[in-house]
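The structure appears right after this line, and notes come after that.
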Amino acid sequence: MSKNYYDAADLRKFGKITEWSEELGNKFFDYYGKVFEEGALTAREKSLIALAVAHTEQCPYCIDAYTKDGLQRGITKPEMMEAIHVGAAIKSGATLVHGVQMMNKVNKLDG
Amino acid sequence: MATKSLKARNNDIANTARQLEILSGGIFANGELPTFADKIKETNQFPLRPKKLEILQINLGYMCNQVCSHCHVDAGPDRKEIMTIETMNECLDVIKKTEAHTLDLTGGAPEMNPNFRWFVEEASKAGIKDFIVRSNLTIIRANKKYHDLPEFFKKHNVHVVSSMPHWTRGKTDKQRGNGVFDKSIKALQELNAVGYGMPNSDLKLDLVYNPSGAFLPGDQMALENDFKKALKADFDIDFHSLFAITNLPISRFLDYLIASENYEDYMYSLVEAYNPAAVENVMCTNTLSVSWDGNLYDCDFNQMLNLKVNSKVKHISEYNEALLQDRNIIISQHCYGCTAGAGSSCQGVVA
């Protein structure tokens, strides 16, 4: 066993999850592939969404994968960073909007 | 960024035998990844054999006004290998009798060969259908004597194919040198001004995109759309097609991969993206490459690795098309670069 929780080389082995549950694994990869095809959104737009979500999910494999994917699509550094800020803004907004719940509670208990 | 070739710096990688040793060692020697030969055996495509010859690609010399960081030719101002007029004459004899419909002149900067214009004039008389010159664009702006190149190309109905790694200044200059982007833009505008690259124009102007780092090119069509949109909006530039080319792990790009510790991951990416359909149309099956000194190779990359054709005929002076076409193509692990994804060739994707 590796001494680290994450190993960059494990990303290459992602496909192996089908070995222990073939049907579900294949269905997942089919779905995954379909999601990223050109659709109502371009594949480029989807790549930027994936990059932002990779960061909010803090998944190192996804960050590696979608940074490289972005480079392959000619996505620029400022575009990548702006996408991450969108994710960060939603994350912090999601934290702060719960402040209203806190305020409601304070007002009810101590109003 | 470096301003000298690997050769002038006496870099280890300038030795082609050393490059081939790297490409056959490590992860390919210990069986972690299959060799290219083993891979194409899986689909019964070994040995790789030529089909009908369509393209004759002639390298007029390794001298160049640029020193691009990923150049597979290791070209630069310090390279003195230049095709002589005698070898050009031998090439012209072949151009007159070849079955190939496309003549593709490359370098270095082919325009820096002192007999370049004479050779183009003579070759254009041979009635080749598609006559390509691979121009790096900045050469047009490099010196007053090159300023009229757009008119010269037009006069001989040359098909201009030019490298342009990105539509932004930063990414272009990082790969090709400071100031290259602005000069390239100016050269493209000048080519447009004489009619090159305009919609419906017969004066063909195509661009070549290759990634600026250790990653594979994205979808050629999507990149072409992005390039067209940006170059039109920012600089009012028109061009016809974009060819997306994969960087092959040889020469300066191999040196970069090793120095940046990307070599193994890059080889994994190439092998994982292997596409047997691309093998079917890989460019060595329809192209012959001629070096500045008249030697014959399966492709430009084998030329840079000093792997001459596996045939009795090894030099342009002994040219015999039938004999040459009856040969096995020489392969190594760099060939994975041409078979990844939609494939890669000097004419862009192949599958």
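Each chain in the structure tokens gets a letter, A, B, ..., in the order shown, and its residues are numbered from 1; ligands are numbered from 1 in order too.
Any residue of chain A with an atom within 8 Å of chain B counts; using only C-alpha atoms, that gives Lys68, Asp69, Leu71, Gln72, Arg73 and Gly74 of chain A.
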May I have the residues from that selection written out with N, CA and C atoms, as a PDB file, in the first residue's frame?
```
ATOM      1  N   LYS A  68      -5.164  20.093 -17.735  1.00  0.00           N
ATOM      2  CA  LYS A  68      -4.588  19.599 -18.990  1.00  0.00           C
ATOM      3  C   LYS A  68      -5.612  19.696 -20.122  1.00  0.00           C
ATOM      4  N   ASP A  69      -6.848  19.334 -19.822  1.00  0.00           N
ATOM      5  CA  ASP A  69      -7.904  19.414 -20.831  1.00  0.00           C
ATOM      6  C   ASP A  69      -8.056  20.855 -21.332  1.00  0.00           C
ATOM      7  N   LEU A  71      -5.751  23.236 -21.327  1.00  0.00           N
ATOM      8  CA  LEU A  71      -4.590  23.585 -22.160  1.00  0.00           C
ATOM      9  C   LEU A  71      -4.761  23.020 -23.563  1.00  0.00           C
ATOM     10  N   GLN A  72      -5.244  21.785 -23.641  1.00  0.00           N
ATOM     11  CA  GLN A  72      -5.433  21.150 -24.947  1.00  0.00           C
ATOM     12  C   GLN A  72      -6.452  21.911 -25.789  1.00  0.00           C
ATOM     13  N   ARG A  73      -7.399  22.535 -25.121  1.00  0.00           N
ATOM     14  CA  ARG A  73      -8.430  23.289 -25.855  1.00  0.00           C
ATOM     15  C   ARG A  73      -8.013  24.729 -26.118  1.00  0.00           C
ATOM     16  N   GLY A  74      -6.797  25.103 -25.725  1.00  0.00           N
ATOM     17  CA  GLY A  74      -6.333  26.478 -25.949  1.00  0.00           C
ATOM     18  C   GLY A  74      -6.919  27.465 -24.950  1.00  0.00           C
TER      19      GLY A  74
END
```
Fill in: DSSP-assigned alpha helix (DSSP H) members of chain A, reported as JSON, numbers by chain
{"A": [22, 23, 24, 25, 26, 27, 28, 29, 30, 31, 32, 33, 34, 35, 43, 44, 45, 46, 47, 48, 49, 50, 51, 52, 53, 54, 55, 56, 60, 61, 62, 63, 64, 65, 66, 67, 68, 69, 70, 71, 72, 77, 78, 79, 80, 81, 82, 83, 84, 85, 86, 87, 88, 89, 90, 91, 92, 93, 94, 95, 96, 97, 98, 99, 100, 101, 102, 103, 104, 105, 106, 107, 108, 109, 110]}
Fill in: Proximity to Phe29 in chain A - best of A:Ala94, A:Gly15, A:Thr42, A:Asp110, only C-alpha atoms
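Of A:Ala94, A:Gly15, A:Thr42, A:Asp110, the one nearest Phe29 in chain A is A:Gly15, counting only C-alpha atoms.
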Practice prompt. Based on DSSP run over this structure's backbone, return all residues of range 8-183 of chain B in strand (DSSP E or B), as a list in words.
Written response: Ile55, Leu56, Gln57, Ile58, Asn59, Gly61, Met63, Gly76, Ile82, Thr102, Leu103, Asp104, Leu105, Thr106, Asp130, Phe131, Ile132, Val133, Arg134, Ser135, His159, Val160, Val161, Ser162 and Ser163 of chain B
For C-alpha atoms, I'd like the residues from the last selection saved as a short mmCIF file (atom, residue, chain, number, x, y, z; two decimals), in the first residue's frame.
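This is the output file again.cif:
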```
data_model
loop_
_atom_site.label_atom_id
_atom_site.label_comp_id
_atom_site.auth_asym_id
_atom_site.auth_seq_id
_atom_site.Cartn_x
_atom_site.Cartn_y
_atom_site.Cartn_z
CA ILE B 55 3.76 14.08 -50.99
CA LEU B 56 7.42 14.84 -51.58
CA GLN B 57 8.72 16.87 -48.65
CA ILE B 58 12.05 18.60 -49.16
CA ASN B 59 14.05 20.19 -46.38
CA GLY B 61 18.23 23.49 -44.72
CA MET B 63 19.09 27.42 -40.78
CA GLY B 76 18.38 28.10 -35.64
CA ILE B 82 21.88 24.18 -46.37
CA THR B 102 2.15 17.66 -53.54
CA LEU B 103 5.53 19.27 -53.11
CA ASP B 104 6.23 20.46 -49.58
CA LEU B 105 9.24 22.71 -48.92
CA THR B 106 10.37 23.03 -45.36
CA ASP B 130 -0.19 21.55 -54.63
CA PHE B 131 3.04 23.44 -53.96
CA ILE B 132 3.53 24.11 -50.24
CA VAL B 133 6.11 26.35 -48.61
CA ARG B 134 6.28 26.11 -44.81
CA SER B 135 7.02 29.69 -43.85
CA HIS B 159 0.39 27.31 -50.85
CA VAL B 160 1.64 28.96 -47.64
CA VAL B 161 1.55 26.94 -44.42
CA SER B 162 2.66 28.75 -41.28
CA SER B 163 3.11 27.97 -37.61
#
```
